[in-house]
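Colleague: Sharing coords24.cif, mmCIF, C-alpha atoms and all ligand atoms:
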```cif
data_upload
loop_
_atom_site.group_PDB
_atom_site.id
_atom_site.type_symbol
_atom_site.label_atom_id
_atom_site.label_comp_id
_atom_site.auth_asym_id
_atom_site.auth_seq_id
_atom_site.Cartn_x
_atom_site.Cartn_y
_atom_site.Cartn_z
ATOM 1 C CA MET A 5 0.000 0.000 0.000
ATOM 2 C CA THR A 6 1.244 3.518 -0.796
ATOM 3 C CA THR A 7 1.354 6.243 1.869
ATOM 4 C CA LYS A 8 -1.055 8.179 -0.401
ATOM 5 C CA ALA A 9 -3.633 5.386 -0.015
ATOM 6 C CA LEU A 10 -3.027 5.324 3.744
ATOM 7 C CA LEU A 11 -3.596 9.072 3.951
ATOM 8 C CA GLU A 12 -6.826 8.821 1.937
ATOM 9 C CA GLN A 13 -8.084 6.221 4.388
ATOM 10 C CA ILE A 14 -7.151 8.466 7.340
ATOM 11 C CA LYS A 15 -9.112 11.338 5.818
ATOM 12 C CA SER A 16 -12.193 9.309 4.957
ATOM 13 C CA LYS A 17 -12.397 7.501 8.312
ATOM 14 C CA LYS A 18 -11.266 10.543 10.342
ATOM 15 C CA SER A 19 -8.997 8.168 12.166
ATOM 16 C CA PHE A 20 -5.310 7.386 12.490
ATOM 17 C CA LEU A 21 -5.896 4.548 14.907
ATOM 18 C CA CYS A 22 -3.953 1.289 14.706
ATOM 19 C CA ILE A 23 -5.334 -1.616 16.715
ATOM 20 C CA GLY A 24 -2.804 -4.047 18.122
ATOM 21 C CA LEU A 25 -3.816 -7.699 17.831
ATOM 22 C CA ASP A 26 -1.728 -9.063 20.724
ATOM 23 C CA VAL A 27 -3.691 -12.203 21.518
ATOM 24 C CA ASP A 28 -3.081 -13.829 24.876
ATOM 25 C CA LEU A 29 -5.317 -16.895 25.341
ATOM 26 C CA ASN A 30 -5.359 -16.269 29.102
ATOM 27 C CA LYS A 31 -7.181 -13.017 28.451
ATOM 28 C CA VAL A 32 -9.750 -13.944 25.789
ATOM 29 C CA PRO A 33 -13.353 -14.859 26.684
ATOM 30 C CA LYS A 34 -13.588 -18.496 27.845
ATOM 31 C CA HIS A 35 -16.201 -19.566 25.268
ATOM 32 C CA LEU A 36 -13.699 -18.889 22.442
ATOM 33 C CA LEU A 37 -11.345 -21.556 23.769
ATOM 34 C CA GLU A 38 -13.788 -24.157 22.427
ATOM 35 C CA ASP A 39 -13.252 -22.891 18.852
ATOM 36 C CA GLU A 40 -10.829 -24.914 16.688
ATOM 37 C CA ASP A 41 -8.805 -21.699 16.139
ATOM 38 C CA PRO A 42 -9.484 -19.427 19.151
ATOM 39 C CA ILE A 43 -6.840 -16.856 18.176
ATOM 40 C CA PHE A 44 -8.324 -16.312 14.716
ATOM 41 C CA ALA A 45 -11.892 -16.393 16.077
ATOM 42 C CA PHE A 46 -10.936 -13.633 18.547
ATOM 43 C CA ASN A 47 -9.175 -11.537 15.869
ATOM 44 C CA LYS A 48 -11.989 -11.919 13.334
ATOM 45 C CA ALA A 49 -14.590 -10.746 15.840
ATOM 46 C CA ILE A 50 -12.449 -7.748 16.865
ATOM 47 C CA ILE A 51 -11.676 -6.835 13.223
ATOM 48 C CA ASP A 52 -15.320 -7.097 12.097
ATOM 49 C CA ALA A 53 -16.395 -4.885 15.005
ATOM 50 C CA THR A 54 -13.688 -2.197 14.630
ATOM 51 C CA HIS A 55 -12.522 -1.985 10.977
ATOM 52 C CA HIS A 56 -14.519 1.214 10.294
ATOM 53 C CA LEU A 57 -12.867 2.990 13.245
ATOM 54 C CA CYS A 58 -9.205 2.295 12.503
ATOM 55 C CA VAL A 59 -6.830 2.467 9.541
ATOM 56 C CA ALA A 60 -4.340 -0.227 10.580
ATOM 57 C CA TYR A 61 -3.963 -3.472 12.507
ATOM 58 C CA LYS A 62 -0.726 -4.523 14.139
ATOM 59 C CA PRO A 63 -0.353 -8.130 15.237
ATOM 60 C CA ASN A 64 2.757 -8.428 17.374
ATOM 61 C CA THR A 65 4.285 -11.689 16.116
ATOM 62 C CA ALA A 66 5.501 -12.678 19.609
ATOM 63 C CA PHE A 67 1.893 -13.379 20.593
ATOM 64 C CA TYR A 68 1.600 -15.862 17.694
ATOM 65 C CA GLU A 69 5.076 -17.410 17.856
ATOM 66 C CA ALA A 70 4.396 -18.231 21.513
ATOM 67 C CA TYR A 71 1.712 -20.716 20.388
ATOM 68 C CA GLY A 72 3.940 -22.543 17.869
ATOM 69 C CA ILE A 73 2.408 -23.787 14.610
ATOM 70 C CA MET A 74 -1.111 -23.043 15.864
ATOM 71 C CA GLY A 75 -0.106 -19.422 16.456
ATOM 72 C CA TRP A 76 1.627 -18.993 13.092
ATOM 73 C CA LYS A 77 -1.403 -20.470 11.274
ATOM 74 C CA ALA A 78 -3.661 -18.037 13.133
ATOM 75 C CA LEU A 79 -1.382 -15.167 12.067
ATOM 76 C CA GLU A 80 -1.585 -16.339 8.412
ATOM 77 C CA LYS A 81 -5.376 -16.596 8.622
ATOM 78 C CA THR A 82 -5.634 -13.153 10.222
ATOM 79 C CA ILE A 83 -3.552 -11.355 7.574
ATOM 80 C CA SER A 84 -5.314 -13.256 4.747
ATOM 81 C CA TYR A 85 -8.690 -12.301 6.187
ATOM 82 C CA LEU A 86 -7.648 -8.639 6.406
ATOM 83 C CA ASN A 87 -6.238 -8.579 2.868
ATOM 84 C CA GLU A 88 -9.291 -10.258 1.349
ATOM 85 C CA ARG A 89 -12.106 -8.696 3.381
ATOM 86 C CA TYR A 90 -10.659 -5.236 4.187
ATOM 87 C CA PRO A 91 -7.924 -4.560 1.566
ATOM 88 C CA GLU A 92 -7.915 -0.805 2.337
ATOM 89 C CA ILE A 93 -6.528 -1.449 5.847
ATOM 90 C CA PHE A 94 -2.781 -0.959 6.446
ATOM 91 C CA THR A 95 -1.181 -3.992 8.078
ATOM 92 C CA ILE A 96 1.889 -4.047 10.323
ATOM 93 C CA ALA A 97 3.818 -7.146 11.355
ATOM 94 C CA ASP A 98 5.353 -6.038 14.634
ATOM 95 C CA ALA A 99 8.267 -8.471 14.464
ATOM 96 C CA LYS A 100 11.272 -6.211 15.264
ATOM 97 C CA ARG A 101 13.571 -8.090 12.869
ATOM 98 C CA GLY A 102 16.942 -7.221 11.282
ATOM 99 C CA ASP A 103 20.067 -9.323 10.634
ATOM 100 C CA ILE A 104 22.923 -9.619 8.123
ATOM 101 C CA GLY A 105 21.779 -8.813 4.588
ATOM 102 C CA ASN A 106 20.850 -12.227 3.183
ATOM 103 C CA THR A 107 18.960 -13.099 6.381
ATOM 104 C CA SER A 108 17.095 -9.784 6.334
ATOM 105 C CA THR A 109 16.050 -10.549 2.754
ATOM 106 C CA MET A 110 14.463 -13.781 4.005
ATOM 107 C CA TYR A 111 12.656 -11.939 6.819
ATOM 108 C CA ALA A 112 11.380 -9.407 4.279
ATOM 109 C CA LYS A 113 10.170 -12.196 1.957
ATOM 110 C CA ALA A 114 8.410 -13.903 4.865
ATOM 111 C CA PHE A 115 6.454 -10.826 5.954
ATOM 112 C CA PHE A 116 5.935 -9.041 2.615
ATOM 113 C CA ASP A 117 5.724 -11.824 0.003
ATOM 114 C CA ASP A 118 4.564 -14.898 1.914
ATOM 115 C CA LEU A 119 2.283 -13.377 4.554
ATOM 116 C CA GLY A 120 1.404 -10.223 2.567
ATOM 117 C CA PHE A 121 1.852 -7.542 5.243
ATOM 118 C CA ASP A 122 2.212 -3.882 4.150
ATOM 119 C CA SER A 123 4.932 -3.219 6.693
ATOM 120 C CA VAL A 124 7.228 -4.750 9.278
ATOM 121 C CA THR A 125 9.004 -3.309 12.310
ATOM 122 C CA VAL A 126 12.795 -3.553 12.154
ATOM 123 C CA ALA A 127 15.523 -2.915 14.736
ATOM 124 C CA PRO A 128 18.250 -0.549 13.443
ATOM 125 C CA TYR A 129 21.048 -1.928 15.632
ATOM 126 C CA MET A 130 22.822 -3.874 12.844
ATOM 127 C CA GLY A 131 22.852 -0.883 10.510
ATOM 128 C CA LYS A 132 22.380 -0.074 6.823
ATOM 129 C CA ASP A 133 22.992 -3.508 5.258
ATOM 130 C CA SER A 134 20.550 -5.106 7.705
ATOM 131 C CA VAL A 135 17.736 -2.660 6.846
ATOM 132 C CA GLU A 136 18.153 -1.998 3.113
ATOM 133 C CA PRO A 137 16.924 -5.513 2.099
ATOM 134 C CA PHE A 138 13.526 -4.601 3.632
ATOM 135 C CA LEU A 139 13.514 -1.201 1.884
ATOM 136 C CA ALA A 140 13.981 -2.817 -1.548
ATOM 137 C CA PHE A 141 10.312 -3.974 -1.603
ATOM 138 C CA LYS A 142 8.121 -1.545 -3.587
ATOM 139 C CA ASP A 143 5.055 -0.152 -1.788
ATOM 140 C CA LYS A 144 6.079 -1.968 1.401
ATOM 141 C CA HIS A 145 7.172 -0.093 4.520
ATOM 142 C CA THR A 146 9.945 -0.660 6.995
ATOM 143 C CA ILE A 147 9.138 0.766 10.407
ATOM 144 C CA LEU A 148 12.431 1.408 12.160
ATOM 145 C CA LEU A 149 12.615 1.486 15.954
ATOM 146 C CA ALA A 150 13.759 5.036 16.752
ATOM 147 C CA LEU A 151 12.736 5.899 20.322
ATOM 148 C CA THR A 152 10.776 3.134 21.984
ATOM 149 C CA SER A 153 8.055 3.472 24.610
ATOM 150 C CA ASN A 154 9.702 1.392 27.344
ATOM 151 C CA GLN A 155 11.890 2.536 30.248
ATOM 152 C CA GLY A 156 14.887 0.723 28.728
ATOM 153 C CA ALA A 157 14.878 3.265 25.871
ATOM 154 C CA PHE A 158 16.984 5.420 28.210
ATOM 155 C CA ASP A 159 19.706 2.724 28.461
ATOM 156 C CA PHE A 160 21.016 3.343 24.921
ATOM 157 C CA GLN A 161 18.645 5.287 22.664
ATOM 158 C CA THR A 162 18.900 8.649 24.422
ATOM 159 C CA LYS A 163 22.649 8.370 25.144
ATOM 160 C CA ALA A 164 24.842 10.754 23.131
ATOM 161 C CA ILE A 165 27.677 9.401 21.004
ATOM 162 C CA ASP A 166 29.961 12.104 19.550
ATOM 163 C CA GLY A 167 27.510 14.682 20.858
ATOM 164 C CA LEU A 168 24.358 13.260 19.220
ATOM 165 C CA GLU A 169 21.793 10.994 20.857
ATOM 166 C CA LEU A 170 21.622 7.497 19.402
ATOM 167 C CA TYR A 171 17.957 7.788 18.361
ATOM 168 C CA LYS A 172 18.804 10.978 16.444
ATOM 169 C CA GLN A 173 21.689 9.188 14.733
ATOM 170 C CA VAL A 174 19.265 6.429 13.685
ATOM 171 C CA LEU A 175 16.914 9.047 12.194
ATOM 172 C CA GLU A 176 19.664 11.065 10.444
ATOM 173 C CA THR A 177 21.642 8.114 9.099
ATOM 174 C CA SER A 178 18.650 6.140 7.867
ATOM 175 C CA LYS A 179 17.603 9.074 5.664
ATOM 176 C CA SER A 180 20.623 8.396 3.430
ATOM 177 C CA TRP A 181 19.809 4.690 2.866
ATOM 178 C CA GLU A 182 18.606 3.432 -0.504
ATOM 179 C CA ASN A 183 14.795 3.575 -0.877
ATOM 180 C CA SER A 184 14.542 5.545 2.376
ATOM 181 C CA GLU A 185 11.153 6.821 1.164
ATOM 182 C CA ASN A 186 9.867 3.407 2.343
ATOM 183 C CA LEU A 187 10.829 4.168 5.951
ATOM 184 C CA MET A 188 8.495 4.892 8.833
ATOM 185 C CA TYR A 189 9.625 5.097 12.471
ATOM 186 C CA VAL A 190 8.487 3.853 15.878
ATOM 187 C CA VAL A 191 8.342 6.539 18.561
ATOM 188 C CA GLY A 192 6.677 5.676 21.866
ATOM 189 C CA ALA A 193 3.717 7.762 23.052
ATOM 190 C CA THR A 194 5.447 7.887 26.429
ATOM 191 C CA LYS A 195 8.222 9.940 24.755
ATOM 192 C CA ALA A 196 5.942 12.702 23.405
ATOM 193 C CA GLU A 197 8.274 15.433 24.680
ATOM 194 C CA TYR A 198 10.904 14.263 22.152
ATOM 195 C CA LEU A 199 8.594 14.554 19.143
ATOM 196 C CA ALA A 200 9.326 18.185 18.273
ATOM 197 C CA GLU A 201 13.059 17.377 17.975
ATOM 198 C CA ILE A 202 12.237 14.224 15.996
ATOM 199 C CA ARG A 203 10.072 16.185 13.556
ATOM 200 C CA LYS A 204 13.028 18.554 12.873
ATOM 201 C CA ILE A 205 14.961 15.550 11.494
ATOM 202 C CA ILE A 206 12.139 13.641 9.775
ATOM 203 C CA PRO A 207 9.356 16.171 9.102
ATOM 204 C CA ASP A 208 7.510 14.055 6.541
ATOM 205 C CA ALA A 209 7.813 10.432 7.666
ATOM 206 C CA PHE A 210 4.943 8.472 9.182
ATOM 207 C CA LEU A 211 5.424 7.550 12.841
ATOM 208 C CA LEU A 212 3.975 4.437 14.454
ATOM 209 C CA VAL A 213 3.255 5.498 18.029
ATOM 210 C CA PRO A 214 2.561 2.707 20.545
ATOM 211 C CA GLY A 215 2.038 3.345 24.233
ATOM 212 C CA VAL A 216 -1.297 5.144 24.602
ATOM 213 C CA GLY A 217 -3.690 3.451 26.988
ATOM 214 C CA ALA A 218 -2.049 0.646 28.953
ATOM 215 C CA GLN A 219 1.411 2.306 28.971
ATOM 216 C CA GLY A 220 0.094 5.756 29.921
ATOM 217 C CA GLY A 221 0.958 7.805 26.801
ATOM 218 C CA ASN A 222 -1.260 10.795 26.016
ATOM 219 C CA LEU A 223 -2.925 11.102 22.591
ATOM 220 C CA GLN A 224 -3.352 14.888 22.723
ATOM 221 C CA GLU A 225 0.283 15.456 23.626
ATOM 222 C CA VAL A 226 1.516 13.135 20.849
ATOM 223 C CA CYS A 227 -0.597 14.950 18.261
ATOM 224 C CA GLU A 228 0.486 18.389 19.476
ATOM 225 C CA HIS A 229 4.179 17.637 18.953
ATOM 226 C CA GLY A 230 4.197 14.864 16.352
ATOM 227 C CA MET A 231 1.532 15.599 13.781
ATOM 228 C CA ASN A 232 2.569 17.000 10.377
ATOM 229 C CA SER A 233 0.538 18.435 7.506
ATOM 230 C CA ASN A 234 -0.181 14.875 6.269
ATOM 231 C CA VAL A 235 -1.138 13.727 9.786
ATOM 232 C CA GLY A 236 1.993 11.508 9.803
ATOM 233 C CA LEU A 237 0.886 9.442 12.796
ATOM 234 C CA LEU A 238 -0.460 5.955 13.397
ATOM 235 C CA ILE A 239 -1.424 5.687 17.052
ATOM 236 C CA ASN A 240 -1.460 2.116 18.331
ATOM 237 C CA SER A 241 -3.467 0.723 21.196
ATOM 238 C CA SER A 242 -3.516 -3.028 21.855
ATOM 239 C CA ARG A 243 -4.596 -4.175 25.365
ATOM 240 C CA GLY A 244 -6.666 -1.014 25.941
ATOM 241 C CA ILE A 245 -8.945 -1.993 23.045
ATOM 242 C CA ILE A 246 -8.933 -5.752 22.571
ATOM 243 C CA TYR A 247 -9.369 -6.701 26.247
ATOM 244 C CA ALA A 248 -12.177 -4.240 26.999
ATOM 245 C CA SER A 249 -14.364 -7.166 28.128
ATOM 246 C CA LYS A 250 -13.856 -10.854 28.953
ATOM 247 C CA ASN A 251 -17.507 -11.672 28.273
ATOM 248 C CA THR A 252 -19.447 -12.565 25.127
ATOM 249 C CA ASP A 253 -19.775 -8.822 24.398
ATOM 250 C CA PHE A 254 -15.979 -8.492 23.956
ATOM 251 C CA ALA A 255 -16.135 -7.350 20.311
ATOM 252 C CA GLU A 256 -18.721 -4.627 20.992
ATOM 253 C CA ALA A 257 -16.717 -3.517 24.042
ATOM 254 C CA SER A 258 -13.553 -3.266 21.910
ATOM 255 C CA ALA A 259 -15.477 -1.233 19.314
ATOM 256 C CA GLN A 260 -16.585 1.149 22.085
ATOM 257 C CA LYS A 261 -12.953 1.670 23.209
ATOM 258 C CA ALA A 262 -11.850 2.151 19.578
ATOM 259 C CA PHE A 263 -14.705 4.618 19.051
ATOM 260 C CA GLU A 264 -13.575 6.661 22.070
ATOM 261 C CA LEU A 265 -10.080 7.052 20.571
ATOM 262 C CA GLN A 266 -11.390 7.610 17.019
ATOM 263 C CA SER A 267 -13.733 10.359 18.245
ATOM 264 C CA GLN A 268 -10.813 12.179 19.869
ATOM 265 C CA MET A 269 -8.863 11.792 16.617
ATOM 266 C CA ALA A 270 -11.758 13.173 14.538
ATOM 267 C CA THR A 271 -11.843 16.254 16.783
ATOM 268 C CA ILE A 272 -8.081 16.739 16.462
ATOM 269 C CA LEU A 273 -8.248 16.365 12.653
ATOM 270 C CA GLN A 274 -10.979 19.014 12.496
ATOM 271 C CA GLU A 275 -8.693 21.463 14.256
ATOM 272 C CA ILE A 276 -5.704 21.146 11.862
HETATM 273 O O1 LIG B 301 8.360 1.052 21.521
HETATM 274 C C1 LIG B 301 7.519 0.179 21.370
HETATM 275 C C2 LIG B 301 7.491 -0.649 20.273
HETATM 276 C C3 LIG B 301 6.493 -1.577 20.172
HETATM 277 N N1 LIG B 301 5.549 -1.708 21.124
HETATM 278 C C4 LIG B 301 4.487 -2.712 20.922
HETATM 279 O O2 LIG B 301 3.230 -2.040 20.771
HETATM 280 C C5 LIG B 301 2.213 -2.742 21.460
HETATM 281 C C6 LIG B 301 1.702 -1.910 22.613
HETATM 282 O O3 LIG B 301 0.692 -2.604 23.307
HETATM 283 P P1 LIG B 301 -0.250 -1.933 24.451
HETATM 284 O O4 LIG B 301 -1.023 -3.081 24.957
HETATM 285 O O5 LIG B 301 -1.112 -0.894 23.776
HETATM 286 O O6 LIG B 301 0.644 -1.339 25.459
HETATM 287 C C7 LIG B 301 2.853 -4.071 21.886
HETATM 288 O O7 LIG B 301 2.701 -5.002 20.839
HETATM 289 C C8 LIG B 301 4.306 -3.705 22.047
HETATM 290 O O8 LIG B 301 5.177 -4.793 21.883
HETATM 291 C C9 LIG B 301 5.571 -0.889 22.211
HETATM 292 O O9 LIG B 301 4.716 -0.961 23.115
HETATM 293 N N2 LIG B 301 6.565 0.036 22.311
#
```
As C-alpha cells, please, write out the structure in this file.
Modeller:
Amino acid sequence: MTTKALLEQIKSKKSFLCIGLDVDLNKVPKHLLEDEDPIFAFNKAIIDATHHLCVAYKPNTAFYEAYGIMGWKALEKTISYLNERYPEIFTIADAKRGDIGNTSTMYAKAFFDDLGFDSVTVAPYMGKDSVEPFLAFKDKHTILLALTSNQGAFDFQTKAIDGLELYKQVLETSKSWENSENLMYVVGATKAEYLAEIRKIIPDAFLLVPGVGAQGGNLQEVCEHGMNSNVGLLINSSRGIIYASKNTDFAEASAQKAFELQSQMATILQEI
C-alpha cells in the first residue's frame, strides 16, 4: 500500500488509529477456547467490530510465535482475512527483525511476500545492510525502531555518542539509505516530549506510536508535537482496546474503546 492510499483512508475515516492484535489466550473470553482456532476467532470478531474505526492493525508476532504452529497459522489466517475482506486497511507485522543482509532478505520475503503484510518493524542496531533488504520492496514499509516506549529506551537510545543521541543518529543516518522513502519510524507515546526534535529531522515520515492506553501515553500530547501536515501518525493501542471485556460482548466492548479514541482523533483532525 502507498502512503497516499493510507492518507486517503485516514481522511475518509477521520482516524489514524492502529489496533494491536496481541492475543493472549489467558485473556480472551472463555467460550472462544472451544473454537478450533481461538486466536483467529478472537481476531476476526475484533476486526469485524472495529474496521470502520481504525486504519491499521498490528499483530505483534511474539503473541503468535508463543503458540507454535497453531499461532503462526492463526497469524496467516488473520492477515489473509484482512487482505481479502478489508484490503484498504494498512497492516503491520510487529516483528522487530533485522540481521545480516541475506537473512534480512528472508525476513522481508516472509512478511511481505509470503504473509502479505504492508509493513514490518525492524531494529536498526545492525545498521544499513541489515535494513536496506527490507527497503527494496516496492510499496512496502519498513518501520524502524527510533525511540521506543519502554523505560529501557533510556539505556542506549537517548545516550549521546559524539555529541548526538543514538535515536537521532538512527533518524539522520537512515535518511541516506537506498529507498529511504519506504521508511516509517516507531516513537513511543510515552516519549511525546521528544517529538518536536524528531520532527526537525524527519518532518515528513509516518510515525507508528505505541504506548497510549495501557502504557500511559497521552494522545493529545503526541498529536500536538508529532503531527505533520499529512497527519503523519499511526497511534497504536492493543490491550486497551482488545481486552475491553472478557464476556461474550468483547467485540462490541472493543469497538466502544476504539470509538472513544477515534472520536478524539476526529476532533483533532478538524482542528488542523
Ligand atoms: O516502543 C515500542 C514498540 C512496540 N511496542 C508494541 O506495541 C504494542 C503496545 O501494546 P499496548 O497493549 O497498547 O501497550 C505491543 O505489541 C508492544 O510490543 C511498544 O509498546 N513500544
Colleague: Find the residue from A:Met231, A:Ala97, A:Leu25, A:Leu37 that sits nearest to A:Phe121; use all atoms listed in the file when measuring.
Modeller: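 Of A:Met231, A:Ala97, A:Leu25, A:Leu37, the one nearest A:Phe121 is A:Ala97, counting all atoms listed in the file.
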Colleague: Pick out the residues sitting within 8 Å of stretch 75-91 of chain A, and hand them over as a list in words; count only C-alpha atoms, and ignore anything fewer than 6 positions along from it in its own chain.
Modeller: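 Using only C-alpha atoms, the neighbours found are Asp41, Ile43, Phe44, Asn47, Lys48, His55, Pro63, Thr65, Phe67, Tyr68, Glu69, Leu119, Gly120 and Phe121 of chain A.
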Colleague: Please, could you write that set of residues out with C-alpha atoms as a short mmCIF file (atom, residue, chain, number, x, y, z; two decimals), in the coordinates of the input?
Modeller:
```cif
data_model
loop_
_atom_site.label_atom_id
_atom_site.label_comp_id
_atom_site.auth_asym_id
_atom_site.auth_seq_id
_atom_site.Cartn_x
_atom_site.Cartn_y
_atom_site.Cartn_z
CA ASP A 41 -8.80 -21.70 16.14
CA ILE A 43 -6.84 -16.86 18.18
CA PHE A 44 -8.32 -16.31 14.72
CA ASN A 47 -9.18 -11.54 15.87
CA LYS A 48 -11.99 -11.92 13.33
CA HIS A 55 -12.52 -1.98 10.98
CA PRO A 63 -0.35 -8.13 15.24
CA THR A 65 4.28 -11.69 16.12
CA PHE A 67 1.89 -13.38 20.59
CA TYR A 68 1.60 -15.86 17.69
CA GLU A 69 5.08 -17.41 17.86
CA LEU A 119 2.28 -13.38 4.55
CA GLY A 120 1.40 -10.22 2.57
CA PHE A 121 1.85 -7.54 5.24
#
```
Colleague: Can you turn the PyMOL selection byres (((not hetatm)) within 8 of (chain B and resi 301)) into a concrete residue list for this file, as a list in words?
Modeller: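 Given this file, the PyMOL selection byres (((not hetatm)) within 8 of (chain B and resi 301)) evaluates to Gly24, Leu25, Asp26, Lys62, Pro63, Asn64, Asp98, Leu149, Leu151, Thr152, Ser153, Asn154, Val190, Val191, Gly192, Val213, Pro214, Gly215, Val216, Gly217, Ala218, Gln219, Asn240, Ser241, Ser242, Arg243, Gly244 and Ile245 of chain A.
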Colleague: Just the selected residues (C-alpha atoms), exported as a PDB file, in the frame of the given file, please.
Modeller:
```
ATOM      1  CA  GLY A  24      -2.804  -4.047  18.122  1.00  0.00           C
ATOM      2  CA  LEU A  25      -3.816  -7.699  17.831  1.00  0.00           C
ATOM      3  CA  ASP A  26      -1.728  -9.063  20.724  1.00  0.00           C
ATOM      4  CA  LYS A  62      -0.726  -4.523  14.139  1.00  0.00           C
ATOM      5  CA  PRO A  63      -0.353  -8.130  15.237  1.00  0.00           C
ATOM      6  CA  ASN A  64       2.757  -8.428  17.374  1.00  0.00           C
ATOM      7  CA  ASP A  98       5.353  -6.038  14.634  1.00  0.00           C
ATOM      8  CA  LEU A 149      12.615   1.486  15.954  1.00  0.00           C
ATOM      9  CA  LEU A 151      12.736   5.899  20.322  1.00  0.00           C
ATOM     10  CA  THR A 152      10.776   3.134  21.984  1.00  0.00           C
ATOM     11  CA  SER A 153       8.055   3.472  24.610  1.00  0.00           C
ATOM     12  CA  ASN A 154       9.702   1.392  27.344  1.00  0.00           C
ATOM     13  CA  VAL A 190       8.487   3.853  15.878  1.00  0.00           C
ATOM     14  CA  VAL A 191       8.342   6.539  18.561  1.00  0.00           C
ATOM     15  CA  GLY A 192       6.677   5.676  21.866  1.00  0.00           C
ATOM     16  CA  VAL A 213       3.255   5.498  18.029  1.00  0.00           C
ATOM     17  CA  PRO A 214       2.561   2.707  20.545  1.00  0.00           C
ATOM     18  CA  GLY A 215       2.038   3.345  24.233  1.00  0.00           C
ATOM     19  CA  VAL A 216      -1.297   5.144  24.602  1.00  0.00           C
ATOM     20  CA  GLY A 217      -3.690   3.451  26.988  1.00  0.00           C
ATOM     21  CA  ALA A 218      -2.049   0.646  28.953  1.00  0.00           C
ATOM     22  CA  GLN A 219       1.411   2.306  28.971  1.00  0.00           C
ATOM     23  CA  ASN A 240      -1.460   2.116  18.331  1.00  0.00           C
ATOM     24  CA  SER A 241      -3.467   0.723  21.196  1.00  0.00           C
ATOM     25  CA  SER A 242      -3.516  -3.028  21.855  1.00  0.00           C
ATOM     26  CA  ARG A 243      -4.596  -4.175  25.365  1.00  0.00           C
ATOM     27  CA  GLY A 244      -6.666  -1.014  25.941  1.00  0.00           C
ATOM     28  CA  ILE A 245      -8.945  -1.993  23.045  1.00  0.00           C
TER      29      ILE A 245
END
```
Colleague: Quick one: distance from atom CA of A:Gln266 to atom CA of A:Val32 in Å, one decimal?
Modeller: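 Computing the Euclidean distance for atom CA of A:Gln266 and atom CA of A:Val32 yields 23.3 Å.
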Colleague: Can you work out the spacing between atom CA of A:Ala193 and atom CA of A:Lys132 in Å, to one decimal?
Modeller: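 We find that atom CA of A:Ala193 and atom CA of A:Lys132 lie 25.9 Å from each other.
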Colleague: At most 8 Å from (-6.4, -17.3, 24.2), file frame, all atoms listed in the file: which residues, as a ChimeraX atom specification?
Modeller: /A:27-33,36-37,42-43
Colleague: State, in Å with one decimal place, the distance from atom CA of A:Glu92 to atom CA of A:Ala60.
Modeller: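 Atom-to-atom, atom CA of A:Glu92 and atom CA of A:Ala60 are spaced 9.0 Å apart.
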Colleague: List as a PyMOL selection string the residues having at least one atom at most 12 Å from position (16.8, 7.2, 5.3) as given in the file, counting only C-alpha atoms.
Modeller: chain A and resi 128+131-132+135-136+139+146-148+172-189+205-206+208-209
Colleague: Mind working out the centre and edge lengths of an axis-aligned box for stretch 31-35 of chain A, all listed atoms inside, 6 Å added to each side, rounded to one decimal in Å and written as AutoDock Vina command-line options?
Modeller:
```
--center_x -11.7 --center_y -16.3 --center_z 26.9 --size_x 21.0 --size_y 18.5 --size_z 15.2
```
Colleague: Determine the nearest neighbour of A:Phe141 from the options A:Ala259, A:Met5, A:Ala127, A:Ile276, counting all atoms listed in the file.
Modeller: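 Closest to A:Phe141 of all the choices is A:Met5.
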Colleague: Mind telling me what the PyMOL selection byres (((chain A and resi 237) around 7) and not hetatm) catches here, as a ChimeraX atom specification?
Modeller: /A:20,210-213,231,235-236,238-239
Colleague: Translate the PyMOL selection byres (((chain A and resi 225) around 12) and not hetatm), as applied to the file shown, into an explicit residue set as JSON, numbers by chain.
Modeller: {"A": [192, 193, 194, 195, 196, 197, 198, 199, 200, 213, 216, 220, 221, 222, 223, 224, 226, 227, 228, 229, 230, 231, 239, 272]}
Colleague: Just want the 10 Å neighbourhood of A:Ala248, counted on only C-alpha atoms, with same-chain residues fewer than 3 positions away dropped. Output as a list in words.
Modeller: Arg243, Gly244, Ile245, Asn251, Asp253, Phe254, Ala255, Glu256, Ala257, Ser258, Ala259, Gln260, Lys261 and Ala262 of chain A
